[in-house]
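K.L.:
Before I ask anything, let me first share the structure, which is written out below as structure tokens.
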Amino acid sequence: MTSELKPIGVLGGTFDPVHYGHLALAKETADRLDFAEVRFVPANVPPHRGRPHASAEQRVHMLKLAISGNPCFVLDQREILREGASYTVDTLSAMRAERGGKKPLCLLMGADTFAGLASWYRWKRLFELAHIVVAQRPGFDLKHFQSPLKEEFAKRRAKSPRAARDKPCGAIIVLEVTPVDISASMIRERLAGGKDVRDLLPGLVLDYIQAKGLYHGGG
């Protein structure tokens, strides 16, 4: 496949802080779906949760450190630079305008996040802009989604990961991935309690956290 038609992965989040779970998800999906790149998009003000503990500047810096060793990983600051709440539909609309109508875009998320997709702003519009790649841990049951997500899932679930490159958008691609039981809240809680987190995130990121005294005042 020519690089012009290789899919682009899009991984959004607060990254507060970025950790090995984020990086593993990006790498495994990139390898299996042959992405041209994975764009890490840190949110400015996430609509579905409280304000991040670290500042936008700090979270951007941690991401730069975390992804510096992988040429496939790209930092995308458009949500940080855009004022107001960070809506994924706006981000994908901008990416689609930049890339044209033929380039496959793949929005990456875990199965637990996907289960709440129907609460997102203009969520059905997302399928007109990108595929959604759902990273499923072994044993996670995808059969019990509530309507209206249940209907969209039944209609759009791809039979093969090839859907990521056969068309530019519209499919739900389920990948069973290697489980990585790490969360940012877990890291913040461990740091606040003075516990070791060296196995949970890159050393350069931990060095920065310690130098700035981040997350030591509470979870």
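Simple scheme: letters A, B, ... for chains in structure tokens order, numbers from 1 for residues in each chain, numbers from 1 for ligands in the order shown.
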Residues of range 130-152 of chain A within 12 Å of range 180-196 of chain A: nearest atom pair and distance (Å, one decimal) for each, counting only C-alpha atoms, sorted by chain and number, as a tab-separated table?

P.N.:
```
residue	atom	partner	partner_atom	distance
A:Ala135	CA	A:Val180	CA	11.1
A:Gln136	CA	A:Val180	CA	11.1
A:Arg137	CA	A:Val180	CA	8.8
A:Pro138	CA	A:Val180	CA	11.2
```

K.L.:
Kindly save the residues from that selection, with N, CA and C atoms included, as a PDB file, in the first residue's frame.

P.N.:
```
ATOM      1  N   ALA A 135     -10.159  -1.156  21.217  1.00  0.00           N
ATOM      2  CA  ALA A 135      -9.180  -2.087  21.782  1.00  0.00           C
ATOM      3  C   ALA A 135      -9.837  -2.850  22.916  1.00  0.00           C
ATOM      4  N   GLN A 136     -10.041  -4.131  22.699  1.00  0.00           N
ATOM      5  CA  GLN A 136     -10.792  -4.972  23.634  1.00  0.00           C
ATOM      6  C   GLN A 136      -9.843  -5.874  24.409  1.00  0.00           C
ATOM      7  N   ARG A 137      -9.954  -5.811  25.720  1.00  0.00           N
ATOM      8  CA  ARG A 137      -9.206  -6.757  26.534  1.00  0.00           C
ATOM      9  C   ARG A 137      -9.865  -8.128  26.440  1.00  0.00           C
ATOM     10  N   PRO A 138      -9.092  -9.211  26.507  1.00  0.00           N
ATOM     11  CA  PRO A 138      -9.694 -10.547  26.516  1.00  0.00           C
ATOM     12  C   PRO A 138     -10.724 -10.664  27.637  1.00  0.00           C
TER      13      PRO A 138
END
```

K.L.:
Counting only C-alpha atoms, what is within 9 Å of range 208-214 of chain A, bar same-chain residues fewer than 5 positions away, as a PyMOL selection string?

P.N.:
chain A and resi 17+53-54+58+61-62+65+188+191+203

K.L.:
Quick one: contact table of range 15-76 of chain A to range 110-132 of chain A, 10 Å max, nearest atom pair and distance in Å to one decimal per residue, counting only C-alpha atoms, chain and number order, as a tab-separated table?

P.N.:
```
residue	atom	partner	partner_atom	distance
A:Leu25	CA	A:Gly110	CA	8.7
A:Pro47	CA	A:Trp120	CA	8.5
A:His48	CA	A:Trp120	CA	8.3
```

K.L.:
Could those residues be written to a file, using all heavy atoms, as a tab-separated table (two decimals), in the first residue's frame?

P.N.:
```tsv
chain	number	residue	atom	x	y	z
A	25	LEU	N	-1.02	0.71	23.55
A	25	LEU	CA	-2.19	0.75	22.67
A	25	LEU	C	-1.83	1.33	21.32
A	25	LEU	O	-2.20	0.78	20.26
A	25	LEU	CB	-3.30	1.58	23.32
A	25	LEU	CG	-4.52	1.89	22.45
A	25	LEU	CD1	-5.22	0.61	22.01
A	25	LEU	CD2	-5.49	2.81	23.20
A	47	PRO	N	-14.54	17.26	28.04
A	47	PRO	CA	-15.95	17.48	28.41
A	47	PRO	C	-16.49	16.50	29.45
A	47	PRO	O	-17.44	16.82	30.15
A	47	PRO	CB	-16.69	17.30	27.08
A	47	PRO	CG	-15.64	17.39	26.01
A	47	PRO	CD	-14.38	16.90	26.63
A	48	HIS	N	-15.88	15.31	29.57
A	48	HIS	CA	-16.47	14.24	30.38
A	48	HIS	C	-15.78	14.02	31.71
A	48	HIS	O	-16.08	13.06	32.40
A	48	HIS	CB	-16.47	12.93	29.59
A	48	HIS	CG	-17.31	12.98	28.35
A	48	HIS	ND1	-18.67	12.87	28.37
A	48	HIS	CD2	-16.97	13.16	27.05
A	48	HIS	CE1	-19.14	12.96	27.14
A	48	HIS	NE2	-18.13	13.14	26.32
```

K.L.:
Of the candidates A:Asp16, A:Glu176, A:Glu37, A:Asp166, which one gets nearest to Pro52 in chain A if we count only C-alpha atoms?

P.N.:
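Closest to Pro52 in chain A of all the choices is A:Asp16.
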
K.L.:
Given only C-alpha atoms as the basis, pick out the residue of A:Val177, A:Leu81, A:Val205, A:Val45 nearest to Glu28 in chain A.

P.N.:
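Once distances to Glu28 in chain A are computed over only C-alpha atoms, the minimum belongs to A:Val177.
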
K.L.:
Using only C-alpha atoms, find the one residue out of A:Asp207, A:Glu4, A:Asp34, A:Asp90 that sits nearest to Ala163 in chain A.

P.N.:
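Using only C-alpha atoms, Ala163 in chain A sits closest to A:Asp34.
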
K.L.:
Of the residues A:Leu206, A:Ala164, A:Tyr215, A:Gly12, which is the one nearest to Thr29 in chain A, using only C-alpha atoms?

P.N.:
A:Ala164

K.L.:
Kindly provide the residues of range 31-119 of chain A that approach range 159-162 of chain A to within 12 Å, each paired with its closest atom pair and their distance in Å to one decimal, based on only C-alpha atoms, listed by chain and increasing number, as JSON lines.

P.N.:
```
{"residue": "A:Asp31", "atom": "CA", "partner": "A:Pro161", "partner_atom": "CA", "distance": 11.8}
{"residue": "A:Arg32", "atom": "CA", "partner": "A:Pro161", "partner_atom": "CA", "distance": 8.3}
{"residue": "A:Leu33", "atom": "CA", "partner": "A:Pro161", "partner_atom": "CA", "distance": 6.8}
{"residue": "A:Asp34", "atom": "CA", "partner": "A:Arg162", "partner_atom": "CA", "distance": 9.9}
{"residue": "A:Phe35", "atom": "CA", "partner": "A:Arg162", "partner_atom": "CA", "distance": 11.7}
{"residue": "A:Pro104", "atom": "CA", "partner": "A:Arg162", "partner_atom": "CA", "distance": 11.2}
{"residue": "A:Cys106", "atom": "CA", "partner": "A:Pro161", "partner_atom": "CA", "distance": 11.2}
```

K.L.:
Could you tell me, as a VMD selection string, which residues of range 50-208 of chain A DSSP assigns to strand (DSSP E) when given the backbone?

P.N.:
chain A and resid 73 to 75 105 to 110 131 to 136 172 to 176

K.L.:
Given the selection you just returned, output its residues as a file containing C-alpha atoms, formatted as a short mmCIF file (atom, residue, chain, number, x, y, z; two decimals), in the first residue's frame.

P.N.:
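After the write, result06.cif holds the following:
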```
data_model
loop_
_atom_site.label_atom_id
_atom_site.label_comp_id
_atom_site.auth_asym_id
_atom_site.auth_seq_id
_atom_site.Cartn_x
_atom_site.Cartn_y
_atom_site.Cartn_z
CA PHE A 73 4.25 8.75 16.92
CA VAL A 74 3.31 12.40 16.39
CA LEU A 75 2.21 15.04 18.90
CA LEU A 105 -8.57 7.99 9.83
CA CYS A 106 -8.87 5.68 12.84
CA LEU A 107 -9.97 6.93 16.25
CA LEU A 108 -8.48 4.67 18.93
CA MET A 109 -10.19 3.93 22.23
CA GLY A 110 -10.62 1.23 24.83
CA HIS A 131 -13.26 4.53 11.70
CA ILE A 132 -13.40 3.72 15.39
CA VAL A 133 -10.90 1.13 16.57
CA VAL A 134 -12.00 -0.48 19.83
CA ALA A 135 -9.18 -2.09 21.78
CA GLN A 136 -10.79 -4.97 23.63
CA ILE A 172 -16.07 -0.12 13.97
CA ILE A 173 -12.98 -2.32 14.14
CA VAL A 174 -12.60 -4.47 17.24
CA LEU A 175 -9.09 -5.61 18.13
CA GLU A 176 -8.30 -7.91 21.02
#
```

K.L.:
Have a look at A:Val41, A:Leu200, A:Leu142, A:Ala24 and name the one nearest to Asn70 in chain A; count only C-alpha atoms.

P.N.:
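Closest to Asn70 in chain A of all the choices is A:Ala24.
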
K.L.:
For the structure I just gave you, how does DSSP split chain A - specifically, which residues are helix (DSSP H, G or I)? Reply as an MDAnalysis selection string.

P.N.:
chainID A and resid 3:5 20:33 56:67 78:81 88:99 111:115 117:119 123:128 149:156 163:166 184:192 203:212

K.L.:
Find the residue from A:Ala97, A:Leu204, A:Ala158, A:Cys169 that sits nearest to Ala66 in chain A; use only C-alpha atoms when measuring.

P.N.:
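Closest to Ala66 in chain A, using only C-alpha atoms: A:Leu204.
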
K.L.:
What is the distance, in Å and to one decimal place, between CA of Gly170 in chain A and CA of Leu11 in chain A?

P.N.:
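Taking CA of Gly170 in chain A as the start and CA of Leu11 in chain A as the end point, the length is 17.1 Å.
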
K.L.:
So what do you get for CA of Pro168 in chain A versus CA of Leu23 in chain A, distance-wise?

P.N.:
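Answer for the CA of Pro168 in chain A to CA of Leu23 in chain A separation: 24.1 Å.
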